[in-house]
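**Student:** Sharing input38.cif (mmCIF, C-alpha atoms and all ligand atoms) below.
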data_target
#
loop_
_atom_site.label_atom_id
_atom_site.label_comp_id
_atom_site.auth_asym_id
_atom_site.auth_seq_id
_atom_site.Cartn_x
_atom_site.Cartn_y
_atom_site.Cartn_z
CA MET W 1 0.00 0.00 0.00
CA SER W 2 1.13 3.56 -0.77
CA SER W 3 2.69 5.46 2.14
CA LYS W 4 1.23 8.76 0.92
CA PRO W 5 -1.09 10.40 3.48
CA LEU W 6 -4.76 9.66 2.86
CA VAL W 7 -7.09 12.67 2.69
CA ALA W 8 -10.84 12.09 3.04
CA ILE W 9 -12.92 14.86 1.52
CA VAL W 10 -16.48 15.63 2.61
CA GLY W 11 -18.33 17.52 -0.14
CA SER W 12 -15.89 16.16 -2.73
CA THR W 13 -18.33 16.65 -5.61
CA GLY W 14 -19.10 20.30 -4.75
CA ASN W 15 -17.33 23.62 -5.32
CA GLN W 16 -15.02 23.57 -2.32
CA GLY W 17 -14.35 19.85 -1.91
CA LEU W 18 -13.78 19.24 -5.61
CA SER W 19 -11.23 22.05 -5.66
CA VAL W 20 -9.45 20.41 -2.72
CA ALA W 21 -9.55 16.97 -4.34
CA LYS W 22 -8.13 18.23 -7.63
CA SER W 23 -5.38 20.31 -6.00
CA LEU W 24 -4.22 17.50 -3.73
CA LEU W 25 -4.27 14.93 -6.54
CA ALA W 26 -2.25 17.35 -8.68
CA THR W 27 0.53 17.50 -6.05
CA GLY W 28 1.04 13.74 -6.34
CA LYS W 29 1.72 13.71 -2.59
CA TYR W 30 -1.63 12.44 -1.30
CA ARG W 31 -4.17 9.70 -1.75
CA VAL W 32 -7.65 11.18 -2.02
CA ARG W 33 -10.87 9.56 -0.88
CA GLY W 34 -14.05 11.47 -1.71
CA LEU W 35 -17.34 11.09 0.15
CA THR W 36 -20.56 11.34 -1.85
CA ARG W 37 -24.14 10.12 -1.68
CA ASN W 38 -23.87 8.99 -5.29
CA VAL W 39 -20.67 7.30 -6.46
CA ASP W 40 -22.14 7.00 -9.96
CA SER W 41 -22.53 10.75 -10.61
CA ALA W 42 -20.53 12.28 -13.45
CA THR W 43 -18.38 14.28 -10.99
CA SER W 44 -17.69 11.21 -8.89
CA LYS W 45 -16.67 9.23 -11.99
CA SER W 46 -14.40 12.06 -13.16
CA LEU W 47 -12.67 12.05 -9.76
CA ILE W 48 -12.14 8.29 -9.99
CA ALA W 49 -10.63 8.84 -13.45
CA GLN W 50 -8.25 11.38 -11.89
CA GLY W 51 -7.08 8.83 -9.31
CA ALA W 52 -9.43 9.36 -6.36
CA GLU W 53 -11.25 6.64 -4.47
CA MET W 54 -14.95 7.50 -4.06
CA VAL W 55 -17.04 6.08 -1.25
CA LYS W 56 -20.74 6.32 -0.55
CA ALA W 57 -21.40 8.18 2.68
CA ASN W 58 -24.34 10.22 3.87
CA LEU W 59 -23.50 12.86 6.49
CA ASN W 60 -26.51 11.78 8.54
CA ASN W 61 -25.06 8.28 8.95
CA HIS W 62 -22.36 7.68 11.57
CA ASP W 63 -21.30 4.27 10.26
CA GLU W 64 -20.96 5.43 6.66
CA ILE W 65 -18.80 8.41 7.70
CA LYS W 66 -16.73 6.10 9.92
CA ARG W 67 -16.10 3.70 7.06
CA ALA W 68 -15.07 6.65 4.86
CA PHE W 69 -12.71 8.14 7.49
CA GLN W 70 -11.09 4.80 8.39
CA GLY W 71 -7.34 5.08 7.78
CA ALA W 72 -7.54 8.76 6.77
CA ASN W 73 -4.73 10.98 8.05
CA ILE W 74 -6.43 14.21 7.05
CA VAL W 75 -10.06 15.26 6.52
CA PHE W 76 -11.42 18.29 4.67
CA ALA W 77 -15.08 18.91 5.41
CA VAL W 78 -17.78 21.30 4.24
CA THR W 79 -21.50 20.87 4.87
CA ASN W 80 -24.16 22.24 2.54
CA PHE W 81 -26.78 24.36 4.28
CA TRP W 82 -28.53 24.86 0.91
CA ASP W 83 -29.21 21.14 0.46
CA PRO W 84 -33.02 20.76 0.20
CA GLU W 85 -32.95 18.43 3.19
CA ILE W 86 -31.55 21.27 5.33
CA VAL W 87 -32.78 24.64 4.05
CA GLY W 88 -36.12 23.24 2.94
CA GLY W 89 -36.39 20.66 5.70
CA ASP W 90 -34.57 20.93 9.01
CA PRO W 91 -32.24 23.99 9.16
CA THR W 92 -30.65 22.69 12.37
CA LEU W 93 -29.38 19.57 10.56
CA GLU W 94 -26.19 21.27 9.30
CA VAL W 95 -24.84 21.60 12.85
CA ARG W 96 -25.63 17.97 13.65
CA GLN W 97 -23.86 16.85 10.46
CA GLY W 98 -20.83 19.00 11.33
CA LYS W 99 -20.64 17.68 14.90
CA LEU W 100 -20.99 14.10 13.64
CA ILE W 101 -18.07 14.68 11.24
CA ALA W 102 -16.02 15.99 14.19
CA ASP W 103 -17.01 13.09 16.46
CA VAL W 104 -16.07 10.50 13.84
CA ALA W 105 -12.80 12.30 13.06
CA LYS W 106 -11.94 12.05 16.76
CA GLU W 107 -13.10 8.41 16.97
CA THR W 108 -11.05 7.32 13.96
CA GLY W 109 -7.91 9.22 15.02
CA VAL W 110 -7.78 11.72 12.15
CA GLU W 111 -4.54 13.71 12.52
CA TRP W 112 -5.75 16.98 10.97
CA LEU W 113 -9.18 18.35 10.20
CA PHE W 114 -9.96 21.21 7.83
CA TRP W 115 -13.37 22.64 8.65
CA SER W 116 -15.06 25.10 6.30
CA SER W 117 -16.36 27.58 8.87
CA LEU W 118 -17.87 31.06 8.77
CA ALA W 119 -18.17 33.94 11.24
CA ASP W 120 -20.56 33.94 14.22
CA THR W 121 -22.92 36.69 13.05
CA ASN W 122 -24.98 36.64 16.23
CA ALA W 123 -21.99 37.35 18.49
CA GLY W 124 -20.31 39.58 15.90
CA SER W 125 -23.38 41.81 15.68
CA ASN W 126 -23.87 41.89 19.49
CA GLY W 127 -27.04 39.86 19.15
CA THR W 128 -28.61 42.08 16.47
CA LEU W 129 -28.53 39.35 13.78
CA LYS W 130 -29.79 36.06 15.17
CA HIS W 131 -31.02 34.27 12.06
CA VAL W 132 -28.01 33.64 9.81
CA LEU W 133 -28.01 29.93 10.53
CA HIS W 134 -25.65 28.96 7.70
CA PHE W 135 -22.95 31.18 9.18
CA ASP W 136 -23.54 30.63 12.90
CA GLY W 137 -24.07 26.88 12.53
CA LYS W 138 -20.67 26.43 10.91
CA ASN W 139 -19.13 28.53 13.66
CA GLN W 140 -20.79 26.38 16.34
CA VAL W 141 -19.19 23.34 14.75
CA GLU W 142 -15.82 25.16 14.77
CA HIS W 143 -16.19 25.67 18.54
CA TYR W 144 -17.11 22.01 18.96
CA ILE W 145 -14.00 20.90 17.04
CA ARG W 146 -11.84 23.17 19.22
CA LYS W 147 -13.47 21.69 22.35
CA LEU W 148 -12.76 18.13 21.17
CA GLY W 149 -9.11 19.14 20.75
CA ILE W 150 -8.78 17.81 17.20
CA PRO W 151 -5.77 19.39 15.44
CA ALA W 152 -7.51 21.60 12.91
CA THR W 153 -7.43 24.57 10.56
CA PHE W 154 -10.59 26.58 9.90
CA ILE W 155 -11.16 27.73 6.34
CA TYR W 156 -13.25 30.91 5.93
CA VAL W 157 -14.52 31.07 2.36
CA GLY W 158 -15.52 34.48 0.95
CA PHE W 159 -18.63 35.46 -1.03
CA TYR W 160 -18.77 33.27 -4.14
CA MET W 161 -18.31 35.20 -7.39
CA THR W 162 -21.04 32.98 -8.83
CA ASN W 163 -23.59 34.36 -6.32
CA PHE W 164 -24.38 37.15 -8.81
CA ASP W 165 -25.84 34.43 -11.04
CA SER W 166 -27.51 32.32 -8.36
CA PHE W 167 -28.60 33.95 -5.10
CA PHE W 168 -28.77 37.50 -6.53
CA PRO W 169 -29.84 37.10 -10.16
CA LYS W 170 -29.75 40.23 -12.29
CA VAL W 171 -32.88 42.06 -13.42
CA THR W 172 -32.97 43.48 -16.95
CA ASN W 173 -34.46 46.98 -17.40
CA PRO W 174 -36.47 48.05 -20.48
CA ASP W 175 -33.42 50.04 -21.74
CA GLY W 176 -31.30 46.86 -21.72
CA SER W 177 -29.24 47.81 -18.63
CA GLN W 178 -29.34 45.47 -15.64
CA GLU W 179 -29.50 45.71 -11.86
CA ILE W 180 -28.37 43.35 -9.13
CA PRO W 181 -30.95 43.55 -6.33
CA ILE W 182 -29.37 43.05 -2.88
CA PRO W 183 -31.10 43.77 0.42
CA PHE W 184 -29.61 46.31 2.83
CA VAL W 185 -26.21 46.79 1.16
CA THR W 186 -25.17 49.72 -1.01
CA GLU W 187 -22.70 49.99 -3.85
CA ASN W 188 -20.16 51.18 -1.25
CA THR W 189 -20.37 48.00 0.86
CA PRO W 190 -17.13 45.98 0.60
CA ILE W 191 -17.21 42.22 0.09
CA PRO W 192 -14.40 39.61 -0.07
CA LEU W 193 -14.87 37.63 -3.28
CA VAL W 194 -13.75 34.12 -4.18
CA ASP W 195 -13.96 31.53 -6.91
CA PRO W 196 -14.28 28.50 -4.60
CA SER W 197 -13.99 25.94 -7.38
CA LYS W 198 -10.50 27.23 -8.19
CA ASP W 199 -9.09 28.61 -4.95
CA VAL W 200 -10.03 26.53 -1.90
CA GLY W 201 -7.82 23.62 -3.01
CA PRO W 202 -4.55 25.55 -3.53
CA ILE W 203 -4.94 27.15 -0.08
CA VAL W 204 -5.48 23.76 1.60
CA ALA W 205 -2.53 22.30 -0.31
CA ALA W 206 -0.31 25.22 0.78
CA ILE W 207 -1.35 24.84 4.43
CA LEU W 208 -0.50 21.14 4.34
CA GLU W 209 3.08 22.01 3.33
CA ASP W 210 3.61 23.33 6.88
CA ARG W 211 0.40 22.60 8.74
CA GLU W 212 1.65 23.15 12.34
CA GLN W 213 1.93 26.84 11.56
CA TRP W 214 -1.81 26.85 10.82
CA ARG W 215 -3.00 24.88 13.86
CA GLY W 216 -6.20 26.43 15.21
CA LYS W 217 -6.06 29.32 12.72
CA ALA W 218 -8.96 30.85 10.79
CA VAL W 219 -7.65 31.15 7.24
CA PRO W 220 -9.48 33.28 4.64
CA VAL W 221 -10.06 32.17 1.08
CA ALA W 222 -10.78 35.35 -0.93
CA GLY W 223 -8.92 36.85 -3.85
CA GLU W 224 -9.79 40.46 -3.13
CA ARG W 225 -12.13 42.74 -1.22
CA ILE W 226 -13.96 45.20 -3.46
CA THR W 227 -17.25 47.06 -3.11
CA PHE W 228 -20.50 45.79 -4.65
CA GLY W 229 -20.41 48.91 -6.85
CA GLU W 230 -16.94 48.01 -8.13
CA ALA W 231 -18.11 44.46 -8.81
CA ALA W 232 -21.06 45.83 -10.83
CA LYS W 233 -18.67 48.05 -12.83
CA ILE W 234 -16.44 45.07 -13.65
CA ILE W 235 -19.49 43.04 -14.76
CA SER W 236 -20.49 46.02 -16.99
CA GLU W 237 -17.03 46.18 -18.50
CA TYR W 238 -16.78 42.48 -19.37
CA SER W 239 -20.42 41.74 -20.22
CA GLY W 240 -20.94 44.94 -22.21
CA VAL W 241 -24.21 45.52 -20.29
CA ARG W 242 -24.45 48.49 -17.92
CA THR W 243 -24.88 46.92 -14.49
CA THR W 244 -25.66 48.60 -11.16
CA ILE W 245 -26.57 47.57 -7.63
CA ARG W 246 -30.18 48.05 -6.53
CA THR W 247 -30.45 48.31 -2.76
CA LEU W 248 -33.62 46.63 -1.51
CA ASP W 249 -35.28 47.85 1.67
CA ALA W 250 -38.03 46.36 3.83
CA GLU W 251 -40.65 47.46 1.29
CA THR W 252 -38.97 46.77 -2.09
CA ILE W 253 -37.71 43.34 -1.05
CA LYS W 254 -41.30 42.10 -1.21
CA ASP W 255 -40.92 41.93 -5.02
CA PHE W 256 -38.13 39.35 -4.55
CA PRO W 257 -39.59 36.37 -2.66
CA GLY W 258 -36.32 34.41 -2.94
CA LEU W 259 -34.52 37.09 -0.92
CA ASN W 260 -37.37 37.96 1.41
CA ASN W 261 -36.52 35.71 4.34
CA GLU W 262 -34.63 36.27 7.60
CA GLU W 263 -31.68 34.07 6.54
CA MET W 264 -30.94 36.17 3.43
CA ILE W 265 -31.88 39.57 4.85
CA GLU W 266 -29.74 39.21 7.96
CA MET W 267 -26.85 37.72 5.95
CA CYS W 268 -26.85 40.82 3.74
CA LYS W 269 -27.06 43.08 6.79
CA TRP W 270 -24.06 41.17 8.13
CA PHE W 271 -22.00 42.23 5.08
CA ASN W 272 -21.99 45.70 6.66
CA TYR W 273 -19.97 44.15 9.52
CA GLY W 274 -17.31 43.06 7.02
CA TYR W 275 -18.41 39.46 6.06
CA PHE W 276 -15.56 37.91 8.08
CA GLY W 277 -16.45 40.23 10.97
CA GLN W 278 -13.64 40.67 13.49
CA THR W 279 -12.33 37.10 13.05
CA GLU W 280 -8.67 36.65 12.16
CA ALA W 281 -9.84 35.65 8.65
CA ARG W 282 -10.57 39.33 7.93
CA ASP W 283 -6.92 39.78 6.89
CA ILE W 284 -7.31 38.40 3.37
CA SER W 285 -3.66 39.14 2.49
CA VAL W 286 -3.07 35.71 4.12
CA ALA W 287 -4.94 34.04 1.24
CA LYS W 288 -2.79 35.80 -1.34
CA LYS W 289 0.40 34.77 0.49
CA LEU W 290 -0.67 31.13 0.54
CA HIS W 291 -1.94 31.22 -3.05
CA PRO W 292 -0.40 34.09 -5.06
CA GLY W 293 -2.42 33.17 -8.18
CA ILE W 294 -5.78 33.43 -6.39
CA THR W 295 -8.61 34.53 -8.72
CA THR W 296 -9.57 38.21 -8.98
CA PHE W 297 -13.08 39.27 -9.98
CA ARG W 298 -11.67 40.63 -13.26
CA GLN W 299 -10.17 37.22 -14.08
CA PHE W 300 -13.45 35.53 -13.19
CA CYS W 301 -15.43 37.89 -15.46
CA ALA W 302 -12.87 37.65 -18.28
CA GLU W 303 -13.37 33.87 -18.29
CA LYS W 304 -17.15 34.10 -17.94
CA TYR W 305 -17.85 36.80 -20.53
CA GLY W 306 -14.77 36.50 -22.73
CA MET W 307 -11.55 38.49 -22.56
CA LYS W 308 -11.75 42.27 -23.09
N1 LIG L 401 -22.34 30.95 -1.63
C1 LIG L 401 -21.40 31.52 -0.90
O1 LIG L 401 -21.03 32.69 -1.13
C2 LIG L 401 -20.73 30.76 0.22
C3 LIG L 401 -19.64 31.33 0.86
C4 LIG L 401 -19.02 30.63 1.91
C5 LIG L 401 -19.52 29.39 2.30
N2 LIG L 401 -20.59 28.86 1.63
C6 LIG L 401 -21.09 27.56 2.10
O2 LIG L 401 -20.69 26.57 1.20
C7 LIG L 401 -21.47 25.40 1.49
C8 LIG L 401 -21.64 24.60 0.22
O3 LIG L 401 -20.37 24.21 -0.25
P1 LIG L 401 -20.10 23.96 -1.79
O4 LIG L 401 -20.49 25.19 -2.56
O5 LIG L 401 -18.74 23.41 -1.91
O6 LIG L 401 -21.17 22.80 -2.07
P2 LIG L 401 -21.98 22.39 -3.39
O7 LIG L 401 -21.17 22.71 -4.61
O8 LIG L 401 -23.35 22.95 -3.29
O9 LIG L 401 -22.03 20.81 -3.22
C9 LIG L 401 -22.56 20.22 -2.04
C10 LIG L 401 -21.67 19.09 -1.60
O10 LIG L 401 -22.13 18.59 -0.34
C11 LIG L 401 -22.34 17.18 -0.46
N3 LIG L 401 -23.45 16.81 0.45
C12 LIG L 401 -24.56 17.54 0.72
N4 LIG L 401 -25.35 16.87 1.58
C13 LIG L 401 -24.73 15.69 1.85
C14 LIG L 401 -25.05 14.58 2.67
N5 LIG L 401 -26.19 14.51 3.39
N6 LIG L 401 -24.17 13.56 2.71
C15 LIG L 401 -23.03 13.58 1.98
N7 LIG L 401 -22.66 14.61 1.19
C16 LIG L 401 -23.51 15.65 1.13
C17 LIG L 401 -22.65 16.94 -1.92
O11 LIG L 401 -22.32 15.60 -2.23
P3 LIG L 401 -23.22 14.62 -3.17
O12 LIG L 401 -24.34 15.44 -3.76
O13 LIG L 401 -22.24 14.11 -4.20
O14 LIG L 401 -23.68 13.59 -2.24
C18 LIG L 401 -21.69 17.93 -2.59
O15 LIG L 401 -20.40 17.38 -2.68
C19 LIG L 401 -22.79 25.90 2.07
O16 LIG L 401 -23.01 25.35 3.34
C20 LIG L 401 -22.59 27.43 2.14
O17 LIG L 401 -23.12 27.98 3.33
C21 LIG L 401 -21.18 29.49 0.58
#
Translate this structure into C-alpha cells?
**Tutor:**
Amino acid sequence: MSSKPLVAIVGSTGNQGLSVAKSLLATGKYRVRGLTRNVDSATSKSLIAQGAEMVKANLNNHDEIKRAFQGANIVFAVTNFWDPEIVGGDPTLEVRQGKLIADVAKETGVEWLFWSSLADTNAGSNGTLKHVLHFDGKNQVEHYIRKLGIPATFIYVGFYMTNFDSFFPKVTNPDGSQEIPIPFVTENTPIPLVDPSKDVGPIVAAILEDREQWRGKAVPVAGERITFGEAAKIISEYSGVRTTIRTLDAETIKDFPGLNNEEMIEMCKWFNYGYFGQTEARDISVAKKLHPGITTFRQFCAEKYGMK
C-alpha cells in the first residue's frame, strides 16, 4: 500500500471539496478519498478517473462516515446548508452533520481536520442578527471541534463570485441595462470575493506544506475585497451591459420572494460588519500569500464573458 497520506474529503463533488480533491491529486503527494451520496454521478466518476477513491457516505449516517474516514490521516469537510434536506427541511441539521463529522474524526484518530467555517454573526453583531443559521451553525461546529481538541485549521470562504448568477440574479431593465438587487447593502459596501472551485484547493494544499503553523487558525479564502459597486462596474465592462446595484429595503424586497426571508436579509445586513467580521480571517492578504495566483473578480469575469 502507498505510504502517501490519505485525505478524506467531505463535499468532494461540490465547489469547495472538488477544488481540494483536484489540487491535492495534482501535487502527487496524497491519496484522495471522496465522500458522496452517489458514487455513480458524473463528478464522482471524473474524480475516480483522476485517481481518487470514491465512497458512498451520507453525512446523517455515523457508520458510513466512519467507514469513509477509516485510515484517513487528514479530513477536509464542508457541509451544505442549501441542500433541500436542510434549508427546505430541518435547518438545524447542518450543525448535527458538522458535529458528527467531528465526532467521527476524533473516533477514527484523524490527525488533521480542515473545517469550512464562517463567522458567528450573532456574536459579531452583538445579538442584532440572530437568524443567519448557515454562518452561525458552521461557527458552532468550529467551537465544537476546538473543544474536542482535534488538530484543525478553519477555512473561511468568501462570497462566491457565482452568487451574482444564483442567489442574486440580475434584473434586466427596459433600456437593456441590468440591476443586481441586494437587500440592505449599497454599492459602497465591501465584500471579499472568491472563486471556490478554483481557490479553496490551492490554499489547503499550501497549508498542508507546513500545517503546524496553521494549527487552530482561521484562514481566509478570498482573492480580493472590493465594493459591490466596483463588482457591478467590472461586470459592466466584461459583459458589455451596464450593471448597477439596486439596494432593496423592507418594502422593495417584497418583489423578490427568494430574498425575502430572515436568513438572506440578515446575511446581507451582516455584510456591513465586514463578512468575516472581526475574526482573524478578515486579513485576506493571508490568502494571497498562501496562493499568489488566487482569482480576482476581473479574471473571473474575463473567463465568464470572454476576454476584453
Ligand atoms: N455561496 C457563498 O457565497 C458561500 C460562501 C461561503 C460558504 N458557503 C457555504 O458553502 C457550502 C456549500 O459548499 P459547496 O459550494 O462546496 O457545495 P456544493 O457545490 O453545493 O455541493 C454540495 C456538496 O455537499 C455534499 N453533500 C450535501 N449533503 C450531503 C449529505 N447529506 N451527505 C453527503 N454529502 C452531502 C454533496 O455531495 P453529493 O451530492 O455528491 O452527495 C456535494 O459534494 C454551504 O453550506 C454554504 O453555506 C457558501
**Student:** Pick the closest to Asn260 of chain W from W:Ile182, W:Ile294, W:Leu113, W:Ile203: which is it, counting all atoms listed in the file?
**Tutor:**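 Using all atoms listed in the file, the shortest distance to Asn260 of chain W belongs to W:Ile182.
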**Student:** Which one of W:Ile48, W:Val194, W:Met307, W:Ala26 sits closest to ligand LIG 401 (chain L) if you count all atoms listed in the file?
**Tutor:**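 Once distances to ligand LIG 401 (chain L) are computed over all atoms listed in the file, the minimum belongs to W:Val194.
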**Student:** Work out how far atom C9 of ligand LIG 401 (chain L) is from atom CA of Leu248 of chain W, in Å to one decimal.
**Tutor:**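 Value for the atom CA of Leu248 of chain W-atom C9 of ligand LIG 401 (chain L) distance: 28.6 Å.
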**Student:** Counting all atoms listed in the file, find the residues whose atoms lie at most 10 Å from (-21.6, 36.0, -15.8) (file coordinates) and write them out as an mmCIF file with C-alpha atoms, keeping the file's coordinate frame.
**Tutor:**
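Result saved to result_2.cif:
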data_model
loop_
_atom_site.group_PDB
_atom_site.id
_atom_site.type_symbol
_atom_site.label_atom_id
_atom_site.label_comp_id
_atom_site.auth_asym_id
_atom_site.auth_seq_id
_atom_site.Cartn_x
_atom_site.Cartn_y
_atom_site.Cartn_z
ATOM 1 C CA MET W 161 -18.310 35.200 -7.390
ATOM 2 C CA THR W 162 -21.040 32.980 -8.830
ATOM 3 C CA ASN W 163 -23.590 34.360 -6.320
ATOM 4 C CA PHE W 164 -24.380 37.150 -8.810
ATOM 5 C CA ASP W 165 -25.840 34.430 -11.040
ATOM 6 C CA LYS W 170 -29.750 40.230 -12.290
ATOM 7 C CA ILE W 235 -19.490 43.040 -14.760
ATOM 8 C CA TYR W 238 -16.780 42.480 -19.370
ATOM 9 C CA SER W 239 -20.420 41.740 -20.220
ATOM 10 C CA PHE W 300 -13.450 35.530 -13.190
ATOM 11 C CA CYS W 301 -15.430 37.890 -15.460
ATOM 12 C CA ALA W 302 -12.870 37.650 -18.280
ATOM 13 C CA GLU W 303 -13.370 33.870 -18.290
ATOM 14 C CA LYS W 304 -17.150 34.100 -17.940
ATOM 15 C CA TYR W 305 -17.850 36.800 -20.530
ATOM 16 C CA GLY W 306 -14.770 36.500 -22.730
#
**Student:** Identify, counting only C-alpha atoms and all ligand atoms, the protein, DNA and RNA residues located within 7 Å of ligand LIG 401 (chain L), and give them as a PyMOL selection string.
**Tutor:** chain W and resi 10-17+35-38+57-60+78-83+118+134-135+157-160+163
**Student:** So that I can check the surroundings of Gly98 of chain W, please list as a short mmCIF file (atom, residue, chain, number, x, y, z; two decimals) with C-alpha atoms, in the coordinates of the input every protein, DNA and RNA residue that reaches within 6 Å of it, counting all atoms listed in the file and ignoring chain neighbours fewer than 3 positions away.
**Tutor:**
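The result, stored in result_4.cif:
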data_model
loop_
_atom_site.label_atom_id
_atom_site.label_comp_id
_atom_site.auth_asym_id
_atom_site.auth_seq_id
_atom_site.Cartn_x
_atom_site.Cartn_y
_atom_site.Cartn_z
CA VAL W 95 -24.84 21.60 12.85
CA ILE W 101 -18.07 14.68 11.24
CA VAL W 141 -19.19 23.34 14.75
#
**Student:** Atom CA of Asn126 of chain W to atom CA of Asn139 of chain W: how many Å, to one decimal?
**Tutor:**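 Spanning atom CA of Asn126 of chain W to atom CA of Asn139 of chain W is a straight-line distance of 15.3 Å.
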